[in-house]
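**Q** Here it is, the structure, as structure tokens.
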Amino acid sequence: MKLFSFLFTSTIGRKWLMGLTGLFLISFLLVHCGVNACIFFNDGGETFNMAAEFMGTNWIIRSMEFVLFAGLLLHIFQGLYLWKFNTEARKKRYSVSAGSANSTWYSRSMGILGTLLLLFLVVHLKDFWVTSRFTDVITSGEKTLFQEMKEVFANPLPVVVYVLGCVSLLYHLLHGFQSAFQTLGINHKSYTPIIQSTGKIFSVVVSLLFAAMPVAMHLGWIQ
Amino acid sequence: MSNSNMNLKLKVWRQQNAKDEGHFEDYTVQASPDMSFLEMFDVLNEQLITEGKNPVAFDHDCREGICGMCSMVINGRPHGPKQGVTTCQLHMRSFSDGDTIVVEPWRSNAFPVIRDLSVNRSAFDRIIASGGYVSVNTGNAVDANATLIPKETADEAFEAATCIGCGACVSACKNASAMLFVGAKVTQLSLLPQGQAEASKRVVAMVNQMDAEGFGACTNTGACSAECPKQIPLSVIATLNREYIKAKLKGY
Ligand code: SF4
Ligand code: FES
């Protein structure tokens, strides 16, 4: 264990854990987005419900849920710790600072973007995860997850909250995707440009797809 | 060539010592576009001395961009608005007549203010002393071609070695992180065979010292490299991360 204590005691160790858990969460997003995008088949949620049922009952996937939450909690914990640590490294602030001259606003706002995502996540988990895992609404066959989605997004307020969540996700990913590779020590003159453009495409596509779901449901484009 | 055809308003940080709260003071100064930024400060100081006031303390030595002593945050940017130059190489032609220029010291807990614009950067010295060197017994001079090093590797090591230890990276970073500096030193030494023998021990010792000095942790905003007068690339931080993790996993 002593071998790995640096992951919690040194700046680079902590960063490394951030990058590693970040990439893991990105891989989860890909699966989550893929499953949800099944609603766009517009088949009354048939494909989507099938995929959702598989994800909810397959024991491998169910046990991965624990790993997912562990990864998420580590990412949040290290993120908040580093945020505080980094703010305190400069007690006396500048009166004039020209951050926009040397970096993007979202790369400087990962803490805030992450916090917004965390708030969104609380709402999101309450809306769907709690309903599907801790009540028997879905398992009893009372309604499908697809129906649950339609009900939630019939109301305009959640639609706005979800779209804002996706905006935070977009910017968090735009910086986070390529940043994770840099932190893990991967920077190469041929591969890094590929990583960077993949990151941009991934961030935009995933956030747009996620944002399109509540909007399409609300407007009745998905039946 | 005209001598003093720029009228400038300066807001300069004045601070007696590390304990003093510090404050801005306003000055007006006449400068020529051909002066360097530090020469403009020399004019200001002459003026202050003539008025019987205390001149502004600021660091400088070579005034040709190689010693890394000059350190001013000019309108929110370390070493001023130009890329790839130090404060001493910045000329007043980069500003316009009538401009107001705000000048502050490097700000970070690890670089306490000594006086006015002069900060204590000995934290960098302690990081270097912790491992930023190669231990060799000097004996007879070795033949230059005894150890073959590919030209590309030598170039890359040289690029990292151009870091002058000025601390602008720390000053520009929102986290006051020193990883561009430490990355440059670790990269330079770990690329060359002479430095590889001690690579693992070195990187762990230097990172430990860096953390002990109270520098923040990099979040890859890229501000350091954008403001670095020697344009040290961000890839040195990836190299630092890689070398550190490798060494840690080996049990160092
Ligand atoms: S990396 Fe650049 S900014 Fe940082 S100390 Fe070296 S020369 Fe200065
Ligand atoms: S005074 Fe030496 S680098 Fe500016």
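Letters for chains follow the order of the structure tokens (A, B, ...), residue numbers begin at 1 for each chain, and ligand numbers begin at 1 in the order shown.
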Please check which protein, DNA or RNA residues sit within 12 Å of ligand 2, counting only C-alpha atoms and all ligand atoms, and write them as a PyMOL selection string.

**A** chain B and resi 36-39+58-72+78-80+84-90+162-168+228-230

**Q** Quick check: residues of chain B within 9 Å of chain A, only C-alpha atoms, returned as a PyMOL selection string.

**A** chain B and resi 73-77+81+102-110+172-177+207-208+211+214-227+234-245+248-252

**Q** Please run DSSP on the backbone and report, as an MDAnalysis selection string, all residues within stretch 39-214 of chain B that come out as strand (DSSP E).

**A** chainID B and resid 73:74 77:78 100:104 113:115 118:119

**Q** Take the residues that were just selected and, keeping C-alpha atoms, output them as a PDB file, in the first residue's frame.

**A**
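The new file result_13.pdb reads:
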ATOM      1  CA  VAL B  73       3.684  41.306 -13.968  1.00  0.00           C
ATOM      2  CA  ILE B  74       2.748  43.988 -16.470  1.00  0.00           C
ATOM      3  CA  ARG B  77       0.942  39.295 -17.729  1.00  0.00           C
ATOM      4  CA  PRO B  78       4.362  38.149 -16.501  1.00  0.00           C
ATOM      5  CA  THR B 100      -1.793  53.327 -17.937  1.00  0.00           C
ATOM      6  CA  ILE B 101       0.451  50.418 -17.007  1.00  0.00           C
ATOM      7  CA  VAL B 102      -0.113  48.316 -13.885  1.00  0.00           C
ATOM      8  CA  VAL B 103       3.003  46.620 -12.521  1.00  0.00           C
ATOM      9  CA  GLU B 104       2.870  43.945  -9.816  1.00  0.00           C
ATOM     10  CA  VAL B 113       7.926  39.586  -1.729  1.00  0.00           C
ATOM     11  CA  ILE B 114      11.257  40.958  -0.505  1.00  0.00           C
ATOM     12  CA  ARG B 115      10.417  44.533  -1.385  1.00  0.00           C
ATOM     13  CA  SER B 118      11.445  41.995  -5.961  1.00  0.00           C
ATOM     14  CA  VAL B 119      10.509  38.467  -4.854  1.00  0.00           C
TER      15      VAL B 119
END

**Q** Which is closest to ligand 1 among B:Ala199, B:Val186, B:Leu191, B:Ile49, if we use only C-alpha atoms and all ligand atoms?

**A**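 The closest residue to ligand 1 is B:Val186.
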
**Q** Please compute the atom CA of A:Phe66-atom CA of A:Leu25 distance, one decimal, in Å.

**A** 12.7 Å

**Q** Need to verify the contact set: A:Asn155, 10 Å, only C-alpha atoms, exclusion of same-chain residues closer than 5 positions in sequence. Can you return it as a PyMOL selection string?

**A** chain A and resi 150+160+214+218

**Q** Pick out the closest residue to A:Gly44 from this set: A:Ser207, A:Gly220, A:Tyr191, A:Phe146. Count only C-alpha atoms.

**A**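 Among the listed residues, A:Phe146 lies closest to A:Gly44.
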
**Q** Can you measure atom CA of B:Leu117 to atom CA of B:Met40 for me? One decimal in Å is fine.

**A**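 The value is 14.6 Å.
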
**Q** In Å to one decimal, how far is atom CA of A:Gly34 from atom CA of A:Phe48?

**A**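 Pair atom CA of A:Phe48 / atom CA of A:Gly34 returns 9.8 Å.
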
**Q** Considering only C-alpha atoms, return as a PyMOL selection string whatever protein or nucleic-acid residues lie within 6 Å of stretch 14-31 of chain B, sequence-local ones (same chain, fewer than 3 positions apart) excluded.

**A** chain B and resi 4+6-11+113-116

**Q** Could you give me, as a PDB file with N, CA and C atoms, in the first residue's frame, the residues within 9 Å of A:Leu113, counting only C-alpha atoms and dropping anything in the same chain fewer than 4 positions from it?

**A**
ATOM      1  N   TYR A 106     -12.467  27.905 -19.961  1.00  0.00           N
ATOM      2  CA  TYR A 106     -12.959  26.656 -19.367  1.00  0.00           C
ATOM      3  C   TYR A 106     -11.835  25.829 -18.773  1.00  0.00           C
ATOM      4  N   SER A 109     -11.638  26.905 -15.368  1.00  0.00           N
ATOM      5  CA  SER A 109     -12.874  26.813 -14.587  1.00  0.00           C
ATOM      6  C   SER A 109     -13.304  25.384 -14.334  1.00  0.00           C
ATOM      7  N   LEU A 117     -21.604  20.136 -12.574  1.00  0.00           N
ATOM      8  CA  LEU A 117     -21.916  18.768 -12.984  1.00  0.00           C
ATOM      9  C   LEU A 117     -22.360  17.924 -11.799  1.00  0.00           C
ATOM     10  N   LEU A 118     -21.711  18.151 -10.662  1.00  0.00           N
ATOM     11  CA  LEU A 118     -22.062  17.395  -9.463  1.00  0.00           C
ATOM     12  C   LEU A 118     -23.501  17.708  -9.047  1.00  0.00           C
ATOM     13  N   SER A 168     -22.324  22.342 -19.242  1.00  0.00           N
ATOM     14  CA  SER A 168     -21.202  22.168 -18.308  1.00  0.00           C
ATOM     15  C   SER A 168     -20.356  20.969 -18.717  1.00  0.00           C
ATOM     16  N   LEU A 169     -21.050  19.905 -19.104  1.00  0.00           N
ATOM     17  CA  LEU A 169     -20.343  18.689 -19.515  1.00  0.00           C
ATOM     18  C   LEU A 169     -19.456  18.972 -20.728  1.00  0.00           C
ATOM     19  N   TYR A 171     -17.988  21.743 -21.743  1.00  0.00           N
ATOM     20  CA  TYR A 171     -16.753  22.475 -21.452  1.00  0.00           C
ATOM     21  C   TYR A 171     -15.825  21.694 -20.533  1.00  0.00           C
ATOM     22  N   HIS A 172     -16.413  20.916 -19.606  1.00  0.00           N
ATOM     23  CA  HIS A 172     -15.583  20.099 -18.716  1.00  0.00           C
ATOM     24  C   HIS A 172     -14.800  19.080 -19.550  1.00  0.00           C
TER      25      HIS A 172
END

**Q** Could you pull out the helix (DSSP H, G or I) residues of stretch 14-215 of chain B from DSSP and send them as a PyMOL selection string?

**A** chain B and resi 37-50+87-89+92-94+122-131+151-161+168-172+179-191+193-196+199-212

**Q** When distances are computed from only C-alpha atoms, which of B:Gln194, B:Thr187, B:Ser171, B:Asn120 shows the smallest separation from B:Leu148?

**A**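 Closest residue, counting only C-alpha atoms: B:Gln194.
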
**Q** Which of these residues is nearest to ligand 1, using only C-alpha atoms and all ligand atoms: B:Val204, B:Val182, B:Leu189, B:Ala247?

**A**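 Under the stated criterion, the closest residue is B:Val182.
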
**Q** Just want the 7 Å neighbourhood of B:Ala161, counted on only C-alpha atoms, with same-chain residues fewer than 2 positions away dropped. Output as a PDB file with all heavy atoms, in the first residue's frame.

**A**
ATOM      1  N   ALA B 157      16.738  18.191 -25.549  1.00  0.00           N
ATOM      2  CA  ALA B 157      17.322  18.471 -24.234  1.00  0.00           C
ATOM      3  C   ALA B 157      17.737  19.928 -24.162  1.00  0.00           C
ATOM      4  O   ALA B 157      17.532  20.622 -23.147  1.00  0.00           O
ATOM      5  CB  ALA B 157      18.525  17.568 -23.985  1.00  0.00           C
ATOM      6  N   PHE B 158      18.287  20.430 -25.264  1.00  0.00           N
ATOM      7  CA  PHE B 158      18.718  21.828 -25.278  1.00  0.00           C
ATOM      8  C   PHE B 158      17.549  22.783 -25.140  1.00  0.00           C
ATOM      9  O   PHE B 158      17.610  23.765 -24.400  1.00  0.00           O
ATOM     10  CB  PHE B 158      19.500  22.136 -26.557  1.00  0.00           C
ATOM     11  CG  PHE B 158      20.044  23.536 -26.573  1.00  0.00           C
ATOM     12  CD1 PHE B 158      21.184  23.847 -25.848  1.00  0.00           C
ATOM     13  CD2 PHE B 158      19.386  24.552 -27.262  1.00  0.00           C
ATOM     14  CE1 PHE B 158      21.667  25.149 -25.813  1.00  0.00           C
ATOM     15  CE2 PHE B 158      19.860  25.855 -27.232  1.00  0.00           C
ATOM     16  CZ  PHE B 158      21.006  26.161 -26.505  1.00  0.00           C
ATOM     17  N   GLU B 159      16.468  22.445 -25.843  1.00  0.00           N
ATOM     18  CA  GLU B 159      15.270  23.291 -25.776  1.00  0.00           C
ATOM     19  C   GLU B 159      14.813  23.419 -24.318  1.00  0.00           C
ATOM     20  O   GLU B 159      14.516  24.522 -23.836  1.00  0.00           O
ATOM     21  CB  GLU B 159      14.156  22.663 -26.622  1.00  0.00           C
ATOM     22  CG  GLU B 159      12.914  23.538 -26.736  1.00  0.00           C
ATOM     23  CD  GLU B 159      11.742  22.821 -27.387  1.00  0.00           C
ATOM     24  OE1 GLU B 159      11.646  21.576 -27.257  1.00  0.00           O
ATOM     25  OE2 GLU B 159      10.915  23.503 -28.019  1.00  0.00           O
ATOM     26  N   CYS B 163      15.501  27.045 -20.255  1.00  0.00           N
ATOM     27  CA  CYS B 163      14.778  27.641 -19.119  1.00  0.00           C
ATOM     28  C   CYS B 163      15.752  28.456 -18.278  1.00  0.00           C
ATOM     29  O   CYS B 163      16.818  27.976 -17.908  1.00  0.00           O
ATOM     30  CB  CYS B 163      14.153  26.541 -18.262  1.00  0.00           C
ATOM     31  SG  CYS B 163      13.665  27.095 -16.618  1.00  0.00           S
ATOM     32  N   ALA B 184      10.997  21.228 -17.098  1.00  0.00           N
ATOM     33  CA  ALA B 184      12.095  21.569 -18.005  1.00  0.00           C
ATOM     34  C   ALA B 184      13.400  20.952 -17.504  1.00  0.00           C
ATOM     35  O   ALA B 184      14.166  20.348 -18.267  1.00  0.00           O
ATOM     36  CB  ALA B 184      12.234  23.087 -18.123  1.00  0.00           C
ATOM     37  N   LYS B 185      13.642  21.062 -16.205  1.00  0.00           N
ATOM     38  CA  LYS B 185      14.896  20.533 -15.638  1.00  0.00           C
ATOM     39  C   LYS B 185      14.928  19.008 -15.726  1.00  0.00           C
ATOM     40  O   LYS B 185      15.945  18.418 -16.092  1.00  0.00           O
ATOM     41  CB  LYS B 185      15.056  20.964 -14.171  1.00  0.00           C
ATOM     42  CG  LYS B 185      15.024  22.472 -13.956  1.00  0.00           C
ATOM     43  CD  LYS B 185      16.109  23.170 -14.742  1.00  0.00           C
ATOM     44  CE  LYS B 185      15.883  24.688 -14.753  1.00  0.00           C
ATOM     45  NZ  LYS B 185      16.688  25.352 -15.799  1.00  0.00           N
ATOM     46  N   GLN B 188      15.338  17.881 -19.450  1.00  0.00           N
ATOM     47  CA  GLN B 188      16.690  18.122 -19.935  1.00  0.00           C
ATOM     48  C   GLN B 188      17.640  17.016 -19.480  1.00  0.00           C
ATOM     49  O   GLN B 188      18.401  16.449 -20.268  1.00  0.00           O
ATOM     50  CB  GLN B 188      17.160  19.478 -19.405  1.00  0.00           C
ATOM     51  CG  GLN B 188      18.612  19.804 -19.681  1.00  0.00           C
ATOM     52  CD  GLN B 188      19.155  20.789 -18.657  1.00  0.00           C
ATOM     53  OE1 GLN B 188      18.399  21.546 -18.044  1.00  0.00           O
ATOM     54  NE2 GLN B 188      20.454  20.780 -18.479  1.00  0.00           N
TER      55      GLN B 188
END
